[in-house]
$ cat run-v8.txt   # compact mmCIF, C-alpha atoms
# COMPACT_ATOMS: atom_id res chain seq x y z
CA MET A 919 0.00 0.00 0.00
CA LYS A 920 1.37 3.42 -1.03
CA ILE A 921 0.09 6.99 -0.70
CA ARG A 922 -1.10 8.16 -4.11
CA SER A 923 -2.47 11.66 -3.46
CA LEU A 924 -3.39 14.31 -0.91
CA GLU A 925 -6.36 16.61 -1.53
CA LEU A 926 -7.31 19.60 0.63
CA PHE A 927 -10.72 21.23 1.10
CA LYS A 928 -11.28 24.57 2.83
CA VAL A 929 -14.88 24.34 4.04
CA PRO A 930 -17.12 26.61 6.09
CA PRO A 931 -17.45 27.64 8.80
CA ARG A 932 -13.65 27.67 9.40
CA TRP A 933 -12.19 24.21 8.75
CA VAL A 934 -9.79 22.40 6.43
CA PHE A 935 -10.30 18.74 5.54
CA LEU A 936 -7.61 16.50 4.06
CA LYS A 937 -8.27 13.40 1.96
CA VAL A 938 -5.36 10.97 1.63
CA SER A 939 -5.82 8.29 -1.05
CA THR A 940 -3.78 5.12 -1.54
CA ASP A 941 -2.99 3.04 -4.61
CA ASP A 942 -5.28 0.22 -3.47
CA GLY A 943 -8.31 2.45 -2.95
CA VAL A 944 -8.26 2.93 0.83
CA VAL A 945 -8.95 6.55 1.78
CA GLY A 946 -8.33 8.39 5.06
CA TRP A 947 -9.47 11.81 6.27
CA GLY A 948 -7.78 14.32 8.56
CA GLU A 949 -8.36 17.88 9.73
CA PRO A 950 -5.24 20.09 9.53
CA ILE A 951 -6.19 23.61 10.64
CA VAL A 952 -5.10 26.60 12.64
CA GLU A 953 -8.22 28.66 13.13
CA GLY A 954 -7.75 31.87 11.18
CA ARG A 955 -4.66 30.60 9.32
CA ALA A 956 -6.25 28.05 6.99
CA ASP A 957 -4.30 28.99 3.84
CA THR A 958 -1.00 28.91 5.73
CA VAL A 959 -1.66 25.37 6.99
CA ILE A 960 -2.78 24.27 3.53
CA ALA A 961 0.56 25.50 2.16
CA ALA A 962 2.39 23.55 4.87
CA VAL A 963 0.53 20.33 4.05
CA LYS A 964 1.35 20.76 0.37
CA GLU A 965 5.04 21.16 1.22
CA LEU A 966 4.99 18.08 3.43
CA ALA A 967 3.30 16.04 0.69
CA THR A 968 6.72 15.63 -0.94
CA TYR A 969 7.68 13.24 1.87
CA LEU A 970 4.41 11.30 1.65
CA ILE A 971 3.69 10.45 -1.98
CA GLY A 972 4.80 6.86 -2.54
CA ALA A 973 5.24 6.14 1.18
CA ASP A 974 3.50 3.35 3.10
CA PRO A 975 0.70 5.09 5.07
CA ARG A 976 0.69 2.34 7.70
CA ARG A 977 4.09 3.46 9.02
CA VAL A 978 2.50 6.20 11.09
CA GLU A 979 5.31 6.63 13.64
CA ASP A 980 8.04 6.72 11.02
CA LEU A 981 6.18 9.25 8.87
CA PHE A 982 5.55 11.45 11.92
CA GLN A 983 9.30 11.42 12.63
CA VAL A 984 10.09 12.30 9.02
CA LEU A 985 7.61 15.19 8.97
CA TYR A 986 8.55 16.48 12.42
CA ARG A 987 12.33 16.10 12.33
CA GLY A 988 13.10 16.08 8.63
CA GLY A 989 12.81 19.81 8.06
CA PHE A 990 15.24 20.77 10.89
CA TYR A 991 12.90 23.55 12.11
CA ARG A 992 10.01 22.05 14.03
CA GLY A 993 7.13 22.72 16.37
CA GLY A 994 4.75 25.64 16.45
CA PRO A 995 1.10 25.87 15.47
CA VAL A 996 1.35 25.79 11.67
CA LEU A 997 3.76 22.91 11.11
CA THR A 998 2.39 20.78 13.94
CA SER A 999 -1.20 21.32 12.84
CA ALA A 1000 -0.31 20.30 9.30
CA ILE A 1001 1.32 17.14 10.66
CA SER A 1002 -1.68 16.51 12.93
CA GLY A 1003 -4.18 16.41 10.09
CA ILE A 1004 -1.93 14.16 8.02
CA GLU A 1005 -1.42 11.83 10.99
CA GLN A 1006 -5.17 11.53 11.59
CA ALA A 1007 -5.66 10.49 7.96
CA LEU A 1008 -2.89 7.89 8.22
CA TRP A 1009 -4.58 6.29 11.25
CA ASP A 1010 -7.90 6.38 9.41
CA ILE A 1011 -6.32 4.49 6.52
CA LYS A 1012 -4.68 1.95 8.80
CA GLY A 1013 -7.86 1.28 10.76
CA ARG A 1014 -9.92 0.90 7.60
CA ALA A 1015 -7.35 -1.39 6.00
CA LEU A 1016 -7.41 -3.65 9.08
CA GLY A 1017 -11.16 -3.37 9.63
CA VAL A 1018 -10.98 -1.94 13.17
CA PRO A 1019 -11.46 1.42 14.90
CA VAL A 1020 -8.22 3.30 15.61
CA HIS A 1021 -8.47 2.85 19.37
CA GLU A 1022 -8.18 -0.93 18.90
CA LEU A 1023 -4.69 -0.29 17.50
CA LEU A 1024 -3.74 1.79 20.57
CA GLY A 1025 -4.46 -0.77 23.28
CA GLY A 1026 -8.21 -1.14 22.95
CA ALA A 1027 -11.04 0.54 24.81
CA ALA A 1028 -10.37 1.67 28.38
CA ARG A 1029 -13.95 2.86 28.96
CA ASP A 1030 -17.51 2.17 27.88
CA ARG A 1031 -18.52 5.74 27.02
CA VAL A 1032 -17.04 9.23 26.70
CA ARG A 1033 -18.34 12.23 28.62
CA VAL A 1034 -18.73 15.35 26.48
CA TYR A 1035 -19.54 19.02 27.01
CA ASN A 1036 -20.86 21.84 24.89
CA TRP A 1037 -20.38 25.62 24.76
CA ILE A 1038 -22.76 28.33 25.93
CA GLY A 1039 -22.73 32.11 25.87
CA GLY A 1040 -20.45 33.04 22.99
CA ASP A 1041 -17.33 35.22 22.93
CA HIS A 1042 -19.15 37.97 24.83
CA PRO A 1043 -20.90 35.70 27.33
CA ALA A 1044 -24.63 36.30 27.63
CA ASP A 1045 -27.88 34.37 28.23
CA LEU A 1046 -26.00 31.75 30.20
CA ALA A 1047 -28.99 30.49 32.16
CA ALA A 1048 -30.86 29.85 28.92
CA GLY A 1049 -27.76 28.20 27.51
CA VAL A 1050 -27.49 25.81 30.44
CA GLU A 1051 -31.16 24.89 30.16
CA GLN A 1052 -30.85 24.29 26.41
CA GLN A 1053 -27.79 22.06 26.71
CA ARG A 1054 -29.38 20.08 29.50
CA ALA A 1055 -32.35 19.52 27.18
CA ASN A 1056 -29.89 18.45 24.46
CA GLY A 1057 -28.60 15.67 26.69
CA PHE A 1058 -25.46 17.29 28.13
CA SER A 1059 -24.47 17.23 31.80
CA ALA A 1060 -21.64 19.76 31.44
CA VAL A 1061 -20.96 23.00 29.57
CA LYS A 1062 -18.18 25.54 29.17
CA MET A 1063 -18.51 29.32 29.14
CA ASN A 1064 -16.16 32.23 28.61
CA ALA A 1065 -15.39 33.95 31.89
CA THR A 1066 -15.37 37.50 30.67
CA GLU A 1067 -14.94 39.87 27.78
CA GLU A 1068 -11.68 41.68 27.11
CA LEU A 1069 -9.73 42.74 30.21
CA HIS A 1070 -6.77 45.08 30.47
CA TYR A 1071 -3.81 44.32 32.74
CA LEU A 1072 -5.75 46.21 35.41
CA ASP A 1073 -9.39 46.89 34.69
CA ASP A 1074 -12.71 48.06 36.10
CA HIS A 1075 -13.89 45.78 38.90
CA ARG A 1076 -17.41 46.07 37.50
CA LYS A 1077 -16.27 43.64 34.79
CA ILE A 1078 -15.43 41.15 37.52
CA ASP A 1079 -18.83 41.76 39.11
CA ALA A 1080 -20.53 41.11 35.77
CA ALA A 1081 -18.60 37.85 35.33
CA VAL A 1082 -19.66 36.74 38.80
CA ALA A 1083 -23.31 37.56 38.06
CA ARG A 1084 -23.20 35.52 34.86
CA MET A 1085 -21.63 32.57 36.64
CA ALA A 1086 -24.25 32.81 39.40
CA ALA A 1087 -27.03 32.70 36.81
CA ALA A 1088 -25.49 29.67 35.11
CA ARG A 1089 -25.06 27.86 38.42
CA THR A 1090 -28.65 28.58 39.46
CA ALA A 1091 -29.93 27.23 36.15
CA GLY A 1092 -27.71 24.15 36.28
CA GLY A 1093 -28.12 23.24 39.91
CA ASP A 1094 -25.66 21.24 41.95
CA GLY A 1095 -25.45 18.23 39.64
CA PHE A 1096 -24.46 20.14 36.50
CA ASP A 1097 -20.79 20.92 35.70
CA ILE A 1098 -19.77 24.35 34.41
CA ALA A 1099 -16.22 24.89 33.18
CA VAL A 1100 -14.96 28.47 32.85
CA ASP A 1101 -12.63 29.46 30.01
CA PHE A 1102 -10.50 32.55 30.61
CA HIS A 1103 -9.31 32.06 26.99
CA GLY A 1104 -5.91 33.49 27.83
CA ARG A 1105 -7.52 36.94 27.70
CA VAL A 1106 -6.99 37.70 31.40
CA HIS A 1107 -3.65 38.91 32.75
CA ARG A 1108 -2.18 37.86 36.09
CA ALA A 1109 -3.43 40.67 38.33
CA MET A 1110 -7.04 40.40 37.19
CA ALA A 1111 -6.91 36.60 37.03
CA LYS A 1112 -6.03 36.42 40.73
CA THR A 1113 -9.16 38.39 41.55
CA LEU A 1114 -11.38 36.54 39.09
CA VAL A 1115 -10.52 33.03 40.30
CA ARG A 1116 -11.23 34.06 43.89
CA GLU A 1117 -14.59 35.60 43.02
CA LEU A 1118 -15.75 32.66 40.86
CA GLU A 1119 -14.59 29.83 43.10
CA PRO A 1120 -17.70 29.79 45.37
CA PHE A 1121 -19.80 28.72 42.34
CA ARG A 1122 -17.81 25.45 42.10
CA PRO A 1123 -16.51 25.61 38.51
CA TYR A 1124 -15.59 22.29 36.97
CA PHE A 1125 -12.24 23.80 35.94
CA PHE A 1126 -10.62 27.12 35.02
CA GLU A 1127 -9.20 26.99 31.49
CA GLU A 1128 -6.18 28.99 30.33
CA PRO A 1129 -6.46 31.55 33.16
CA VAL A 1130 -3.51 33.49 31.74
CA PRO A 1131 -1.85 33.47 28.29
CA PRO A 1132 -0.04 30.13 27.81
CA GLU A 1133 3.43 31.63 27.50
CA ASN A 1134 3.21 32.98 31.06
CA LEU A 1135 4.14 29.82 32.96
CA GLU A 1136 5.30 31.74 36.00
CA ALA A 1137 1.95 33.55 36.20
CA LEU A 1138 0.11 30.25 35.83
CA ARG A 1139 2.02 28.92 38.82
CA GLU A 1140 0.90 31.90 40.89
CA ILE A 1141 -2.76 31.59 39.83
CA ALA A 1142 -2.73 27.93 40.82
CA ARG A 1143 -1.78 29.00 44.34
CA HIS A 1144 -4.83 31.28 44.54
CA THR A 1145 -7.52 28.67 43.91
CA SER A 1146 -8.53 25.11 44.67
CA VAL A 1147 -10.45 24.85 41.37
CA PRO A 1148 -8.63 22.57 38.87
CA ILE A 1149 -6.51 24.43 36.31
CA ALA A 1150 -6.66 23.35 32.64
CA VAL A 1151 -4.17 24.38 29.93
CA GLY A 1152 -3.01 23.16 26.57
CA GLU A 1153 -4.92 24.21 23.45
CA ARG A 1154 -1.93 26.32 22.34
CA LEU A 1155 0.81 23.85 23.24
CA TYR A 1156 2.33 21.51 20.67
CA THR A 1157 3.80 18.00 20.94
CA ARG A 1158 4.97 16.32 24.13
CA TRP A 1159 7.83 18.78 24.38
CA GLY A 1160 5.43 21.70 24.62
CA PHE A 1161 3.56 19.98 27.45
CA LYS A 1162 6.63 18.79 29.33
CA ASP A 1163 7.14 21.82 31.57
CA VAL A 1164 3.49 22.42 32.54
CA ILE A 1165 3.12 18.75 33.46
CA THR A 1166 6.39 18.16 35.26
CA GLN A 1167 6.30 21.44 37.19
CA GLY A 1168 2.94 20.63 38.74
CA VAL A 1169 1.12 23.82 37.72
CA VAL A 1170 -1.90 22.19 36.01
CA ASP A 1171 -4.49 19.58 36.91
CA ILE A 1172 -5.85 18.99 33.39
CA VAL A 1173 -4.06 19.17 30.05
CA GLN A 1174 -6.03 20.00 26.92
CA PRO A 1175 -4.08 18.97 23.83
CA ASP A 1176 -5.89 19.55 20.55
CA LEU A 1177 -5.58 16.58 18.19
CA SER A 1178 -5.51 18.94 15.18
CA HIS A 1179 -2.73 21.07 16.70
CA ALA A 1180 -0.61 19.04 19.12
CA GLY A 1181 0.64 16.37 16.71
CA GLY A 1182 -2.27 14.02 16.07
CA ILE A 1183 -3.70 10.95 17.74
CA TRP A 1184 -0.55 9.04 18.67
CA GLU A 1185 1.31 12.15 19.82
CA VAL A 1186 -1.58 13.13 22.11
CA ARG A 1187 -1.64 9.56 23.45
CA LYS A 1188 2.00 10.08 24.42
CA ILE A 1189 1.16 13.41 26.07
CA ALA A 1190 -1.66 11.71 27.99
CA ALA A 1191 0.67 8.95 29.20
CA MET A 1192 3.16 11.55 30.44
CA ALA A 1193 0.32 13.38 32.20
CA GLU A 1194 -0.90 10.15 33.81
CA ALA A 1195 2.53 9.61 35.35
CA PHE A 1196 2.12 12.96 37.14
CA ASP A 1197 -1.52 12.33 38.20
CA VAL A 1198 -2.80 14.89 35.67
CA ALA A 1199 -6.10 14.46 33.80
CA VAL A 1200 -6.75 15.02 30.08
CA ALA A 1201 -9.67 16.89 28.48
CA PRO A 1202 -8.90 17.22 24.75
CA HIS A 1203 -9.59 20.59 23.16
CA CYS A 1204 -11.83 20.41 20.07
CA PRO A 1205 -13.96 23.39 18.96
CA LEU A 1206 -13.38 22.12 15.41
CA GLY A 1207 -14.99 19.92 12.79
CA PRO A 1208 -16.19 16.32 12.66
CA ILE A 1209 -12.86 14.74 11.69
CA ALA A 1210 -10.97 16.33 14.57
CA PHE A 1211 -13.81 15.33 16.89
CA ALA A 1212 -13.81 11.74 15.63
CA ALA A 1213 -10.04 11.56 16.14
CA SER A 1214 -10.51 12.88 19.68
CA LEU A 1215 -13.08 10.20 20.47
CA GLN A 1216 -10.64 7.51 19.35
CA LEU A 1217 -8.04 8.93 21.74
CA ASP A 1218 -10.62 9.20 24.53
CA ALA A 1219 -11.69 5.59 24.10
CA CYS A 1220 -8.24 4.16 24.91
CA THR A 1221 -6.97 6.77 27.40
CA PRO A 1222 -7.94 6.19 31.05
CA ASN A 1223 -7.07 9.67 32.36
CA VAL A 1224 -9.38 11.47 29.90
CA VAL A 1225 -12.17 13.02 31.98
CA ILE A 1226 -14.29 14.86 29.41
CA GLN A 1227 -14.27 15.81 25.72
CA GLU A 1228 -15.04 19.18 24.14
CA GLN A 1229 -17.15 19.29 20.96
CA SER A 1230 -18.43 22.08 18.75
CA LEU A 1231 -22.06 21.32 17.93
CA GLY A 1232 -23.81 24.68 17.92
CA ILE A 1233 -20.74 26.63 19.04
CA HIS A 1234 -20.85 30.35 18.25
CA TYR A 1235 -18.18 30.01 15.53
CA ASN A 1236 -20.29 27.61 13.47
CA VAL A 1237 -22.18 30.01 11.24
CA GLY A 1238 -23.64 28.51 8.08
CA ASN A 1239 -22.36 24.98 8.67
CA ASP A 1240 -22.09 22.84 11.77
CA LEU A 1241 -20.44 19.70 13.09
CA LEU A 1242 -22.87 17.19 11.59
CA ASP A 1243 -23.26 18.71 8.11
CA TYR A 1244 -20.38 16.81 6.51
CA LEU A 1245 -21.27 13.34 7.82
CA CYS A 1246 -23.18 10.60 6.03
CA ASP A 1247 -24.49 9.37 9.40
CA ALA A 1248 -24.50 11.65 12.45
CA SER A 1249 -25.82 9.07 14.91
CA ALA A 1250 -22.36 8.37 16.36
CA PHE A 1251 -22.31 11.95 17.70
CA THR A 1252 -25.67 11.79 19.51
CA CYS A 1253 -25.32 12.57 23.22
CA HIS A 1254 -27.27 10.62 25.84
CA ASP A 1255 -27.11 11.51 29.55
CA GLY A 1256 -23.95 13.53 28.96
CA TYR A 1257 -22.05 10.76 27.15
CA LEU A 1258 -21.24 9.43 23.69
CA PRO A 1259 -20.63 5.72 23.05
CA VAL A 1260 -17.12 4.50 22.31
CA PRO A 1261 -16.89 4.54 18.49
CA THR A 1262 -17.00 1.17 16.76
CA GLY A 1263 -16.68 2.06 13.07
CA HIS A 1264 -13.49 1.35 11.14
CA GLY A 1265 -10.68 3.91 11.19
CA LEU A 1266 -11.86 7.17 12.74
CA GLY A 1267 -15.38 5.72 12.89
CA ILE A 1268 -17.16 8.23 10.64
CA GLU A 1269 -18.10 8.43 6.98
CA ILE A 1270 -17.49 11.81 5.35
CA ASP A 1271 -20.04 13.07 2.81
CA GLU A 1272 -17.48 13.84 0.13
CA GLU A 1273 -20.06 15.32 -2.23
CA GLU A 1274 -21.02 17.89 0.42
CA VAL A 1275 -17.36 18.59 1.20
CA ARG A 1276 -16.61 19.29 -2.45
CA ALA A 1277 -19.68 21.46 -2.87
CA ARG A 1278 -18.96 23.59 0.20
CA SER A 1279 -15.25 23.86 -0.59
CA ARG A 1280 -16.19 25.81 -3.70
CA GLU A 1281 -17.49 28.46 -1.29
CA GLY A 1282 -14.60 28.10 1.16
CA HIS A 1283 -14.13 30.61 3.97
CA ASP A 1284 -11.86 33.38 5.19
CA TRP A 1285 -12.49 33.09 8.92
CA LYS A 1286 -10.23 35.20 11.14
CA SER A 1287 -10.04 35.69 14.88
CA PRO A 1288 -11.57 39.02 15.92
CA ILE A 1289 -9.29 41.88 16.92
CA TRP A 1290 -10.35 43.31 20.27
CA ARG A 1291 -9.20 46.57 21.82
CA ASN A 1292 -9.25 47.94 25.33
CA ALA A 1293 -10.88 51.25 26.18
CA ASP A 1294 -7.55 53.04 25.68
CA GLY A 1295 -7.13 51.62 22.18
CA THR A 1296 -4.48 49.00 22.94
CA VAL A 1297 -4.94 45.53 21.47
CA ALA A 1298 -6.63 43.14 23.90
CA GLU A 1299 -6.32 39.38 24.13
CA TRP A 1300 -9.21 37.65 22.34

$ encode --input "run-v8.txt" --output "structure tokens"
Amino acid sequence: MKIRSLELFKVPPRWVFLKVSTDDGVVGWGEPIVEGRADTVIAAVKELATYLIGADPRRVEDLFQVLYRGGFYRGGPVLTSAISGIEQALWDIKGRALGVPVHELLGGAARDRVRVYNWIGGDHPADLAAGVEQQRANGFSAVKMNATEELHYLDDHRKIDAAVARMAAARTAGGDGFDIAVDFHGRVHRAMAKTLVRELEPFRPYFFEEPVPPENLEALREIARHTSVPIAVGERLYTRWGFKDVITQGVVDIVQPDLSHAGGIWEVRKIAAMAEAFDVAVAPHCPLGPIAFAASLQLDACTPNVVIQEQSLGIHYNVGNDLLDYLCDASAFTCHDGYLPVPTGHGLGIEIDEEEVRARSREGHDWKSPIWRNADGTVAEW
């Protein structure tokens, strides 16, 4: 079996899909994307294709090493995301060729079902009580919300008060048996984060995500000392080397590698094993499309320290198209009592509607992250 071709599709709302075809007709799909940098990642995949055409797709580890080490410069969001999408497609091919789901090739299932959560409230969090009630009706037992809007290094305490009021409303709507994670989105700096974690802690958040920008490890260490709420980090870290310091230095309780950014399925399994050795949980990041989500579920199935899985159905970014639109059968993504079943289909366990992918790729997208500014005109973290 040899790789014959790679084909890329930029599809709305903000995703890139990759189809890898082999000379014996087996096809695999992956999702290489950096949100807001789709064309850049597409260019990186096309450059990496030189190493792949004619190669055996079943040699996943060897091809990862070639792609990661072969160019001398390595790491970072663009290159690692390009590799991640390719790697997902290689596992999809291997699983389909052998007639098993990917997790069977990674030790087999370690659980019977996967807990999932959904988003509420949007970038500028609002209507959180209604959001909780809606997601509960949709079968979820946990949600995630943004903590606040833009915040300067030091800002008006009324913004903290507003964040507390929103969290109080969400907690009242959810009750004691409903989990609410709070995403700071890296948009809060150290001084304000110390205040915010203290004010929100009485509402028993499930975890605080990215309470400060990810490059500020020393600030993260200080925030961890100010709260007993679990700290989650990782959507903007890449490969096991990017996660090494936050895990070994004991500053996080949950790591959140993204399988379309951190290196793919097998690389994230390695990150999870390293985290397990330090008694750290895993909650994979995935506000992306169906292929990234399917890859995440394969990882979740065989990884005992995964506690919950993010997914993007109905997320505020999904305008025009949503998670299920590119699938031939969406039943595998139907949530019951807060959980999804362990996937049983071959490869990644989903069937992509290629006709729909091709049709929507003719429209494409030019999604970009918004640029926010503080009251004084300086650029704010989004």

$ atom_distance --input "run-v8.txt" --atom1 "atom CA of A:His1179" --atom2 "atom CA of A:Val1050"
28.7 Å

$ residues_near_point --input "run-v8.txt" --point "(-2.6, 3.4, 7.6)" --cutoff "10 Å" --atoms "all atoms listed in the file" --output "list in words"
Met919, Lys920, Ile921, Thr940, Val944, Val945, Gly946, Asp974, Pro975, Arg976, Arg977, Val978, Glu1005, Gln1006, Ala1007, Leu1008, Trp1009, Asp1010, Ile1011, Lys1012, Gly1013, Arg1014, Ala1015, Leu1016, Val1020 and Gly1265 of chain A

$ atom_distance --input "run-v8.txt" --atom1 "atom CA of A:Ala967" --atom2 "atom CA of A:Ser1002"
13.2 Å

$ residues_near_point --input "run-v8.txt" --point "(1.7, 25.1, 23.9)" --cutoff "9 Å" --atoms "all atoms listed in the file" --output "PyMOL selection string"
chain A and resi 994-995+1132-1133+1151-1157+1159-1161+1175+1180

$ atom_distance --input "run-v8.txt" --atom1 "atom CA of A:Gln1053" --atom2 "atom CA of A:Val1106"
26.4 Å

$ residues_around --input "run-v8.txt" --residues "A:Arg932" --least-positions-apart "2" --cutoff "9 Å" --atoms "only C-alpha atoms" --output "PDB file with C-alpha atoms, in the frame of the given file"
ATOM      1  CA  LYS A 928     -11.280  24.570   2.830  1.00  0.00           C
ATOM      2  CA  VAL A 929     -14.880  24.340   4.040  1.00  0.00           C
ATOM      3  CA  PRO A 930     -17.120  26.610   6.090  1.00  0.00           C
ATOM      4  CA  VAL A 934      -9.790  22.400   6.430  1.00  0.00           C
ATOM      5  CA  ILE A 951      -6.190  23.610  10.640  1.00  0.00           C
ATOM      6  CA  GLU A 953      -8.220  28.660  13.130  1.00  0.00           C
ATOM      7  CA  GLY A 954      -7.750  31.870  11.180  1.00  0.00           C
ATOM      8  CA  ALA A 956      -6.250  28.050   6.990  1.00  0.00           C
ATOM      9  CA  LEU A1206     -13.380  22.120  15.410  1.00  0.00           C
ATOM     10  CA  GLY A1207     -14.990  19.920  12.790  1.00  0.00           C
ATOM     11  CA  TYR A1235     -18.180  30.010  15.530  1.00  0.00           C
ATOM     12  CA  ASN A1236     -20.290  27.610  13.470  1.00  0.00           C
ATOM     13  CA  GLY A1282     -14.600  28.100   1.160  1.00  0.00           C
ATOM     14  CA  HIS A1283     -14.130  30.610   3.970  1.00  0.00           C
ATOM     15  CA  ASP A1284     -11.860  33.380   5.190  1.00  0.00           C
ATOM     16  CA  TRP A1285     -12.490  33.090   8.920  1.00  0.00           C
ATOM     17  CA  LYS A1286     -10.230  35.200  11.140  1.00  0.00           C
TER      18      LYS A1286
END

$ closest_residue --input "run-v8.txt" --among "A:Ile1183, A:Val1275, A:Cys1253, A:Ala1000" --to "A:Ala1212" --atoms "only C-alpha atoms"
A:Ile1183

$ closest_atom_pairs --input "run-v8.txt" --of "stretch 925-1040 of chain A" --to "stretch 1059-1063 of chain A" --cutoff "10 Å" --atoms "only C-alpha atoms" --output "JSON lines"
{"residue": "A:Arg1033", "atom": "CA", "partner": "A:Ser1059", "partner_atom": "CA", "distance": 8.5}
{"residue": "A:Val1034", "atom": "CA", "partner": "A:Ala1060", "partner_atom": "CA", "distance": 7.2}
{"residue": "A:Tyr1035", "atom": "CA", "partner": "A:Val1061", "partner_atom": "CA", "distance": 4.9}
{"residue": "A:Asn1036", "atom": "CA", "partner": "A:Val1061", "partner_atom": "CA", "distance": 4.8}
{"residue": "A:Trp1037", "atom": "CA", "partner": "A:Lys1062", "partner_atom": "CA", "distance": 4.9}
{"residue": "A:Ile1038", "atom": "CA", "partner": "A:Met1063", "partner_atom": "CA", "distance": 5.4}
{"residue": "A:Gly1039", "atom": "CA", "partner": "A:Met1063", "partner_atom": "CA", "distance": 6.0}
{"residue": "A:Gly1040", "atom": "CA", "partner": "A:Met1063", "partner_atom": "CA", "distance": 7.4}

$ decode --input "run-v8.txt" --residues "stretch 1219-1231 of chain A" --atoms "N, CA and C atoms" --output "PDB file, in the first residue's frame"
ATOM      1  N   ALA A1219     -11.262   6.964  23.869  1.00  0.00           N
ATOM      2  CA  ALA A1219     -11.686   5.589  24.103  1.00  0.00           C
ATOM      3  C   ALA A1219     -10.594   4.757  24.771  1.00  0.00           C
ATOM      4  N   CYS A1220      -9.333   5.007  24.429  1.00  0.00           N
ATOM      5  CA  CYS A1220      -8.241   4.160  24.915  1.00  0.00           C
ATOM      6  C   CYS A1220      -7.365   4.834  25.955  1.00  0.00           C
ATOM      7  N   THR A1221      -7.808   5.969  26.501  1.00  0.00           N
ATOM      8  CA  THR A1221      -6.969   6.767  27.403  1.00  0.00           C
ATOM      9  C   THR A1221      -7.652   6.921  28.758  1.00  0.00           C
ATOM     10  N   PRO A1222      -7.192   6.226  29.786  1.00  0.00           N
ATOM     11  CA  PRO A1222      -7.939   6.192  31.050  1.00  0.00           C
ATOM     12  C   PRO A1222      -8.001   7.510  31.790  1.00  0.00           C
ATOM     13  N   ASN A1223      -7.031   8.414  31.611  1.00  0.00           N
ATOM     14  CA  ASN A1223      -7.066   9.671  32.358  1.00  0.00           C
ATOM     15  C   ASN A1223      -7.783  10.794  31.625  1.00  0.00           C
ATOM     16  N   VAL A1224      -8.454  10.498  30.501  1.00  0.00           N
ATOM     17  CA  VAL A1224      -9.381  11.469  29.900  1.00  0.00           C
ATOM     18  C   VAL A1224     -10.615  11.578  30.790  1.00  0.00           C
ATOM     19  N   VAL A1225     -11.015  12.806  31.108  1.00  0.00           N
ATOM     20  CA  VAL A1225     -12.170  13.020  31.984  1.00  0.00           C
ATOM     21  C   VAL A1225     -13.386  13.551  31.240  1.00  0.00           C
ATOM     22  N   ILE A1226     -13.172  14.283  30.160  1.00  0.00           N
ATOM     23  CA  ILE A1226     -14.288  14.857  29.409  1.00  0.00           C
ATOM     24  C   ILE A1226     -13.759  15.335  28.071  1.00  0.00           C
ATOM     25  N   GLN A1227     -14.650  15.437  27.082  1.00  0.00           N
ATOM     26  CA  GLN A1227     -14.268  15.808  25.724  1.00  0.00           C
ATOM     27  C   GLN A1227     -15.077  17.006  25.250  1.00  0.00           C
ATOM     28  N   GLU A1228     -14.378  18.030  24.756  1.00  0.00           N
ATOM     29  CA  GLU A1228     -15.036  19.178  24.137  1.00  0.00           C
ATOM     30  C   GLU A1228     -15.550  18.818  22.750  1.00  0.00           C
ATOM     31  N   GLN A1229     -16.655  19.410  22.334  1.00  0.00           N
ATOM     32  CA  GLN A1229     -17.147  19.290  20.964  1.00  0.00           C
ATOM     33  C   GLN A1229     -17.845  20.577  20.560  1.00  0.00           C
ATOM     34  N   SER A1230     -18.073  20.741  19.250  1.00  0.00           N
ATOM     35  CA  SER A1230     -18.432  22.077  18.748  1.00  0.00           C
ATOM     36  C   SER A1230     -19.858  22.206  18.235  1.00  0.00           C
ATOM     37  N   LEU A1231     -20.712  21.230  18.476  1.00  0.00           N
ATOM     38  CA  LEU A1231     -22.064  21.318  17.926  1.00  0.00           C
ATOM     39  C   LEU A1231     -22.768  22.571  18.456  1.00  0.00           C
TER      40      LEU A1231
END
